[in-house]
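Peer 1: Handing over run-v2.cif, mmCIF, C-alpha atoms.
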```cif
data_upload
#
loop_
_atom_site.label_atom_id
_atom_site.label_comp_id
_atom_site.auth_asym_id
_atom_site.auth_seq_id
_atom_site.Cartn_x
_atom_site.Cartn_y
_atom_site.Cartn_z
CA MET T 11 -10.81 2.64 -6.63
CA LYS T 12 -11.36 5.77 -4.56
CA ARG T 13 -15.10 5.03 -4.33
CA ILE T 14 -14.45 1.46 -3.23
CA PHE T 15 -11.95 2.68 -0.63
CA VAL T 16 -14.45 5.22 0.79
CA CYS T 17 -17.24 2.61 0.88
CA VAL T 18 -15.04 0.17 2.79
CA ILE T 19 -14.15 2.86 5.33
CA MET T 20 -17.83 3.74 5.86
CA VAL T 21 -18.82 0.10 6.32
CA LEU T 22 -16.05 -0.51 8.84
CA ILE T 23 -16.97 2.60 10.82
CA SER T 24 -20.69 1.71 10.82
CA VAL T 25 -20.04 -1.81 12.08
CA GLN T 26 -17.76 -0.47 14.80
CA LEU T 27 -20.28 2.16 15.93
CA PHE T 28 -23.04 -0.42 16.38
CA ALA T 29 -20.68 -2.77 18.23
CA GLN T 30 -19.54 0.08 20.49
CA LYS T 31 -23.14 1.07 21.32
CA ASP T 32 -24.12 -2.46 22.34
CA GLU T 33 -20.99 -2.88 24.43
CA ASP T 34 -21.43 0.46 26.19
CA GLU T 35 -24.96 -0.53 27.20
CA ARG T 36 -23.65 -3.73 28.80
CA LYS T 37 -20.49 -2.29 30.37
CA PRO T 38 -20.66 -1.30 34.08
CA PRO T 39 -19.19 2.06 35.08
CA ARG T 40 -15.46 2.16 35.85
CA THR T 41 -14.76 3.90 39.13
CA SER T 42 -11.50 2.35 40.31
CA PRO T 43 -8.13 3.42 38.85
CA LEU T 44 -7.19 -0.29 39.01
CA ALA T 45 -10.01 -1.28 36.69
CA MET T 46 -9.19 -2.88 33.35
CA LEU T 47 -8.26 -0.61 30.48
CA ASP T 48 -11.08 0.45 28.20
CA GLN T 49 -10.83 -0.82 24.67
CA ALA T 50 -9.27 1.74 22.37
CA ASP T 51 -7.91 2.33 18.86
CA ARG T 52 -10.60 0.20 17.24
CA ILE T 53 -10.48 2.15 14.00
CA MET T 54 -7.15 3.28 12.53
CA VAL T 55 -6.75 5.48 9.46
CA ASP T 56 -3.23 5.79 8.03
CA VAL T 57 -1.74 8.28 5.60
CA PHE T 58 1.87 7.53 4.66
CA THR T 59 4.61 7.62 2.08
CA ASP T 60 6.47 4.59 0.78
CA ILE T 61 10.26 4.78 0.82
CA TRP T 62 11.40 2.29 -1.82
CA MET T 63 14.51 0.38 -0.83
CA ASN T 64 16.90 -1.32 -3.25
CA ALA T 65 15.42 0.62 -6.17
CA PRO T 66 17.09 0.64 -9.61
CA ASP T 67 19.39 3.57 -10.39
CA ASP T 68 18.17 6.68 -12.21
CA SER T 69 19.24 5.31 -15.60
CA VAL T 70 16.50 2.66 -15.26
CA MET T 71 13.85 4.59 -13.32
CA SER T 72 13.57 7.62 -11.06
CA ILE T 73 11.17 7.31 -8.12
CA LYS T 74 9.50 10.32 -6.54
CA THR T 75 10.45 11.21 -2.97
CA ILE T 76 6.81 11.18 -1.82
CA ASN T 77 4.80 8.08 -2.74
CA ARG T 78 1.58 8.75 -0.91
CA GLY T 79 -0.73 5.97 0.25
CA ALA T 80 -3.58 5.37 2.67
CA SER T 81 -5.12 2.55 4.66
CA THR T 82 -7.88 1.91 7.13
CA SER T 83 -8.40 -0.97 9.54
CA ILE T 84 -10.75 -2.08 12.29
CA LEU T 85 -9.36 -4.04 15.25
CA ARG T 86 -10.70 -5.77 18.32
CA ASP T 87 -8.80 -4.70 21.43
CA PHE T 88 -8.33 -7.17 24.30
CA PRO T 89 -7.02 -5.56 27.53
CA LEU T 90 -4.69 -7.86 29.49
CA GLY T 91 -6.08 -7.89 33.01
CA ARG T 92 -5.43 -4.72 35.01
CA SER T 93 -2.14 -3.97 33.26
CA ASN T 94 -1.32 -1.18 30.83
CA PHE T 95 -1.10 -3.70 28.01
CA SER T 96 -3.53 -5.10 25.48
CA PHE T 97 -3.60 -7.25 22.38
CA ALA T 98 -5.49 -6.37 19.17
CA VAL T 99 -6.33 -8.16 15.93
CA GLY T 100 -8.39 -7.02 12.98
CA LEU T 101 -8.82 -6.49 9.27
CA GLY T 102 -7.80 -3.64 6.98
CA ILE T 103 -7.39 -2.44 3.42
CA ALA T 104 -4.38 -0.47 2.15
CA CYS T 105 -3.52 1.37 -1.06
CA HIS T 106 0.17 1.85 -2.00
CA ASN T 107 1.49 3.94 -4.90
CA LEU T 108 4.84 3.92 -6.68
CA TYR T 109 5.34 7.17 -8.64
CA SER T 110 8.12 6.96 -11.21
CA ASP T 111 9.15 7.64 -14.81
CA ALA T 112 9.05 3.99 -15.92
CA TRP T 113 6.52 1.34 -16.95
CA PRO T 114 6.55 -2.26 -15.72
CA VAL T 115 6.32 -4.45 -18.87
CA ARG T 116 6.89 -8.06 -19.81
CA GLU T 117 10.45 -8.71 -20.96
CA SER T 118 10.59 -9.33 -24.72
CA PHE T 119 13.12 -10.59 -27.25
CA ARG T 120 13.30 -10.51 -31.05
CA ASP T 121 11.72 -13.63 -32.54
CA THR T 122 11.36 -13.66 -36.36
CA THR T 123 9.47 -16.96 -36.21
CA ASN T 124 6.62 -15.39 -34.29
CA LEU T 125 4.84 -13.63 -37.13
CA PRO T 126 3.41 -11.06 -37.57
CA PHE T 127 4.77 -9.67 -34.28
CA GLY T 128 8.46 -10.39 -34.67
CA TYR T 129 8.98 -10.81 -30.92
CA SER T 130 8.11 -13.11 -28.01
CA PHE T 131 7.84 -12.67 -24.26
CA THR T 132 9.82 -14.25 -21.45
CA ASP T 133 8.18 -14.99 -18.10
CA LYS T 134 9.82 -11.96 -16.43
CA THR T 135 8.97 -8.31 -15.78
CA VAL T 136 11.20 -5.28 -16.33
CA PHE T 137 10.85 -1.51 -15.88
CA VAL T 138 11.39 0.56 -19.03
CA LYS T 139 12.09 4.27 -18.62
CA LEU T 140 9.76 6.74 -20.33
CA PRO T 141 11.61 8.68 -23.05
CA ASP T 142 12.43 12.38 -23.17
CA THR T 143 12.12 12.24 -26.97
CA ALA T 144 10.57 9.75 -29.38
CA SER T 145 10.04 9.85 -33.17
CA GLY T 146 11.92 13.16 -33.18
CA LEU T 147 9.43 14.79 -30.77
CA ASP T 148 9.73 15.90 -27.16
CA VAL T 149 7.80 13.67 -24.75
CA GLY T 150 6.41 14.54 -21.32
CA PHE T 151 3.96 13.20 -18.78
CA LYS T 152 2.08 14.54 -15.74
CA ASN T 153 1.37 11.36 -13.84
CA ASN T 154 2.71 7.82 -13.91
CA LYS T 155 2.21 5.36 -11.07
CA LEU T 156 1.84 1.74 -10.07
CA THR T 157 -0.98 1.15 -7.56
CA ASN T 158 -1.38 -1.94 -5.36
CA VAL T 159 -4.33 -2.58 -3.05
CA TYR T 160 -4.00 -5.12 -0.23
CA LEU T 161 -6.34 -6.81 2.22
CA ASP T 162 -4.44 -6.97 5.52
CA LEU T 163 -4.66 -8.91 8.76
CA PRO T 164 -2.97 -6.66 11.39
CA ILE T 165 -2.11 -7.63 14.96
CA GLU T 166 -0.68 -5.39 17.67
CA PHE T 167 0.73 -5.71 21.19
CA ARG T 168 -0.14 -2.39 22.81
CA PHE T 169 0.86 -0.24 25.77
CA ARG T 170 -1.03 2.86 26.90
CA THR T 171 -1.27 4.92 30.07
CA LYS T 172 -4.36 4.87 32.28
CA ASN T 173 -4.75 8.59 32.78
CA GLU T 174 -8.13 10.07 31.90
CA GLY T 175 -8.54 11.79 28.55
CA GLN T 176 -5.57 11.73 26.20
CA LYS T 177 -3.25 8.73 26.58
CA PHE T 178 0.33 7.95 25.58
CA LYS T 179 0.37 4.94 23.25
CA PHE T 180 2.99 2.55 21.98
CA ALA T 181 2.35 -0.53 19.86
CA LEU T 182 4.43 -3.19 18.15
CA GLY T 183 2.71 -5.32 15.56
CA PHE T 184 2.81 -7.44 12.47
CA LYS T 185 0.57 -7.68 9.44
CA VAL T 186 0.02 -10.15 6.64
CA GLY T 187 -1.75 -9.12 3.45
CA VAL T 188 -2.93 -10.41 0.09
CA LEU T 189 -2.99 -8.42 -3.15
CA LEU T 190 -6.56 -7.51 -4.13
CA SER T 191 -5.82 -5.50 -7.27
CA SER T 192 -3.03 -3.73 -9.14
CA HIS T 193 -2.85 -1.32 -12.05
CA THR T 194 -0.69 1.31 -13.69
CA LYS T 195 -2.04 4.78 -14.43
CA TYR T 196 -0.48 7.15 -16.95
CA ARG T 197 -1.36 10.67 -18.08
CA GLY T 198 0.85 12.36 -20.66
CA ASP T 199 1.88 12.36 -24.31
CA ASP T 200 0.60 9.47 -26.42
CA VAL T 201 3.65 7.19 -26.52
CA LEU T 202 3.89 3.53 -27.46
CA TYR T 203 6.49 0.96 -26.41
CA ASP T 204 7.63 -1.30 -29.25
CA TYR T 205 8.39 -4.76 -27.82
CA ALA T 206 10.18 -5.90 -30.97
CA SER T 207 12.76 -3.08 -31.04
CA ARG T 208 12.54 -2.22 -27.33
CA SER T 209 12.14 1.44 -28.25
CA TRP T 210 9.53 4.18 -27.96
CA GLY T 211 7.35 5.83 -30.57
CA VAL T 212 4.68 8.55 -30.61
CA ARG T 213 1.20 7.62 -31.83
CA SER T 214 -0.39 11.09 -31.85
CA ASP T 215 0.00 14.64 -30.59
CA LEU T 216 -2.74 14.09 -28.00
CA THR T 217 -2.50 13.95 -24.23
CA VAL T 218 -3.90 10.60 -23.11
CA LYS T 219 -4.98 8.87 -19.91
CA HIS T 220 -4.95 5.12 -19.58
CA LYS T 221 -4.82 2.31 -17.04
CA GLU T 222 -3.45 -1.18 -17.39
CA TYR T 223 -4.53 -3.88 -14.93
CA LYS T 224 -2.91 -7.08 -13.71
CA VAL T 225 0.74 -6.05 -13.66
CA PRO T 226 2.71 -9.25 -14.31
CA ASN T 227 4.68 -11.07 -11.63
CA LEU T 228 3.72 -8.96 -8.62
CA GLU T 229 3.96 -10.86 -5.36
CA TYR T 230 0.46 -11.89 -4.24
CA TYR T 231 1.12 -11.59 -0.51
CA ARG T 232 3.09 -9.37 1.83
CA MET T 233 4.11 -9.32 5.47
CA GLY T 234 6.17 -7.29 7.88
CA PRO T 235 6.44 -5.66 11.32
CA THR T 236 4.74 -2.42 12.32
CA ILE T 237 5.37 0.18 15.01
CA ARG T 238 3.17 3.00 16.27
CA VAL T 239 3.73 5.66 18.92
CA GLY T 240 1.68 8.71 19.79
CA TRP T 241 -0.46 10.74 22.15
CA GLY T 242 -4.23 10.72 22.05
CA TRP T 243 -5.63 10.12 18.60
CA VAL T 244 -2.52 11.16 16.62
CA ASN T 245 0.28 8.63 16.13
CA ILE T 246 3.46 8.24 14.10
CA SER T 247 3.63 4.82 12.46
CA ALA T 248 5.86 2.72 10.24
CA TYR T 249 5.73 -0.59 8.36
CA TYR T 250 8.74 -2.55 7.08
CA SER T 251 7.99 -4.99 4.27
CA LEU T 252 9.77 -8.32 4.49
CA THR T 253 8.32 -9.20 1.09
CA LYS T 254 9.65 -7.91 -2.22
CA LEU T 255 7.42 -6.17 -4.78
CA PHE T 256 7.87 -8.84 -7.47
CA LYS T 257 8.07 -12.61 -7.28
CA LYS T 258 11.52 -14.07 -6.80
CA ASN T 259 13.45 -14.58 -10.05
CA LYS T 260 10.59 -13.01 -12.03
CA PHE T 261 11.92 -9.44 -12.19
CA ILE T 262 14.84 -8.02 -14.15
CA GLY T 263 16.52 -5.72 -11.66
CA PRO T 264 17.05 -5.33 -7.91
CA GLU T 265 14.44 -6.76 -5.55
CA MET T 266 12.53 -3.66 -4.42
CA TYR T 267 10.58 -3.39 -1.17
CA PRO T 268 8.93 -0.48 0.68
CA ILE T 269 9.21 1.06 4.12
CA SER T 270 6.00 2.98 4.89
CA VAL T 271 6.22 5.98 7.23
CA GLY T 272 3.33 8.27 8.15
CA LEU T 273 0.56 9.28 10.52
CA THR T 274 -2.14 7.10 12.06
CA ILE T 275 -5.40 8.67 13.21
CA THR T 276 -7.29 6.73 15.88
CA PRO T 277 -10.69 8.43 16.40
CA PRO T 278 -12.10 8.08 19.95
CA ILE T 279 -14.86 5.59 19.13
#
```
If you took the structure in this file and wrote it as structure tokens, what would it be?
Peer 2:
Amino acid sequence: MKRIFVCVIMVLISVQLFAQKDEDERKPPRTSPLAMLDQADRIMVDVFTDIWMNAPDDSVMSIKTINRGASTSILRDFPLGRSNFSFAVGLGIACHNLYSDAWPVRESFRDTTNLPFGYSFTDKTVFVKLPDTASGLDVGFKNNKLTNVYLDLPIEFRFRTKNEGQKFKFALGFKVGVLLSSHTKYRGDDVLYDYASRSWGVRSDLTVKHKEYKVPNLEYYRMGPTIRVGWGWVNISAYYSLTKLFKKNKFIGPEMYPISVGLTITPPI
């Protein structure tokens, strides 16, 4: 996933550089302070943490304070006449992580007619907390996270000053995204969740790493407002998700949703 993310960033930057070069060759020099604003903030790189709202209590799962994520986007900026305002629209990709001590699994129930398993699944998802002990042994882990990658369509209504060099910036926006991929990643003791008994066991004394893809019942789209304020190429930004993490009535527990807070870097391209 990291390689894909880096490749996407490089492609977006390359496309933007070629577009900027062609535009600069056509653009006449700006000599009047009343001239239209130059286009700006075409590439935005975000590093942030997700603050998970309405999360289950610690008896179900404990979420880390810092849930780091990253995104990059390329936008077309349209200055509005000779004002300090502009409108921008573009495309981006974002990676969000939920670090916790629980696994998202399909809800199960004992079913003696379903042999040889002895259990069946419902159509819902539930978090199960990783154990401190299992099979009489202590259990620990070093990493456990749920990762979601989204393709986003961001729009912004922007204000920035006209002074030369570094500029004050303020932007209100909105973005809509679709889920490209999701997976869980675990590194720790080799534990196994028994769906029939809803309990944990230990398979070996090894430390294992594994991923599981296609987490059930995640919401396929997301949307929410954004805000960004800063000076020059460094900005503070935030995103408030109006969409819950899981589909409605498909999750056992409170309807979780993130607020993303972090820094946005807007290189002067």
Peer 1: Record the distance separating CA of Val149 in chain T and CA of Ser207 in chain T, expressed in Å with one decimal.
Peer 2: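 So the two atoms, CA of Val149 in chain T and CA of Ser207 in chain T, lie 18.6 Å apart.
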Peer 1: So which residues get picked by the PyMOL selection byres ((chain T and resi 264) around 10) here, written as an MDAnalysis selection string?
Peer 2: chainID T and resid 63:67 254 256 261:263 265:267
Peer 1: Under the rule that only C-alpha atoms are counted, which of T:Leu156, T:Ile279, T:Leu140, T:Ile237 is the nearest residue to Leu85 in chain T?
Peer 2: T:Ile279
Peer 1: Translate the PyMOL selection byres ((chain T and resi 88) around 6) into a concrete residue list for this structure, as a ChimeraX atom specification.
Peer 2: /T:87,89,96-98
Peer 1: Go through T:Ala80, T:Val55, T:Ile73, T:Val138 one by one, measure the shortest atom-to-atom distance of each to Ser209 in chain T using only C-alpha atoms, and give the residue with the smallest value.
Peer 2: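 Counting only C-alpha atoms, the residue closest to Ser209 in chain T is T:Val138.
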Peer 1: Given the choices T:Ile103, T:Leu216, T:Pro114, T:Pro226, which gets closest to Val188 in chain T if the distance is worked out from only C-alpha atoms?
Peer 2: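 Smallest separation from Val188 in chain T among the options: T:Ile103.
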Peer 1: Which one of T:Ala50, T:Val212, T:Val225, T:Val218 sits closest to Phe151 in chain T if you count all atoms listed in the file?
Peer 2: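 Once distances to Phe151 in chain T are computed over all atoms listed in the file, the minimum belongs to T:Val218.
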Peer 1: Exactly which residues make up the result of the PyMOL selection byres ((chain T and resi 249) around 6) on this file, given as number ranges by chain?
Peer 2: T: 235-236, 248, 250, 269-270
Peer 1: Name all residues at most 9 Å from Tyr160 in chain T (count only C-alpha atoms; drop same-chain ones fewer than 2 positions away) and give them as a count of residues only.
Peer 2: 14
Peer 1: Mind pulling up the distance from CA of Gly198 in chain T to CA of Thr75 in chain T?
Peer 2: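 Value for the CA of Thr75 in chain T-CA of Gly198 in chain T distance: 20.2 Å.
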Peer 1: Around (-4.7, 6.5, 0.4) in the file's own coordinates, what residues are found within 9 Å if you use all atoms listed in the file, given back as a ChimeraX atom specification?
Peer 2: /T:12,15,56-58,78-82,104-107
Peer 1: So what do you get for CA of Asn154 in chain T versus CA of Tyr230 in chain T, distance-wise?
Peer 2: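 Rounded to one decimal, the two atoms are 22.1 Å apart.
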Peer 1: Rank T:Phe178, T:Pro126, T:Glu117, T:Ser83 by their smallest atom-to-atom distance to Leu161 in chain T, using only C-alpha atoms, and report the top residue only.
Peer 2: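 Going through T:Phe178, T:Pro126, T:Glu117, T:Ser83 one by one, the smallest distance to Leu161 in chain T is for T:Ser83.
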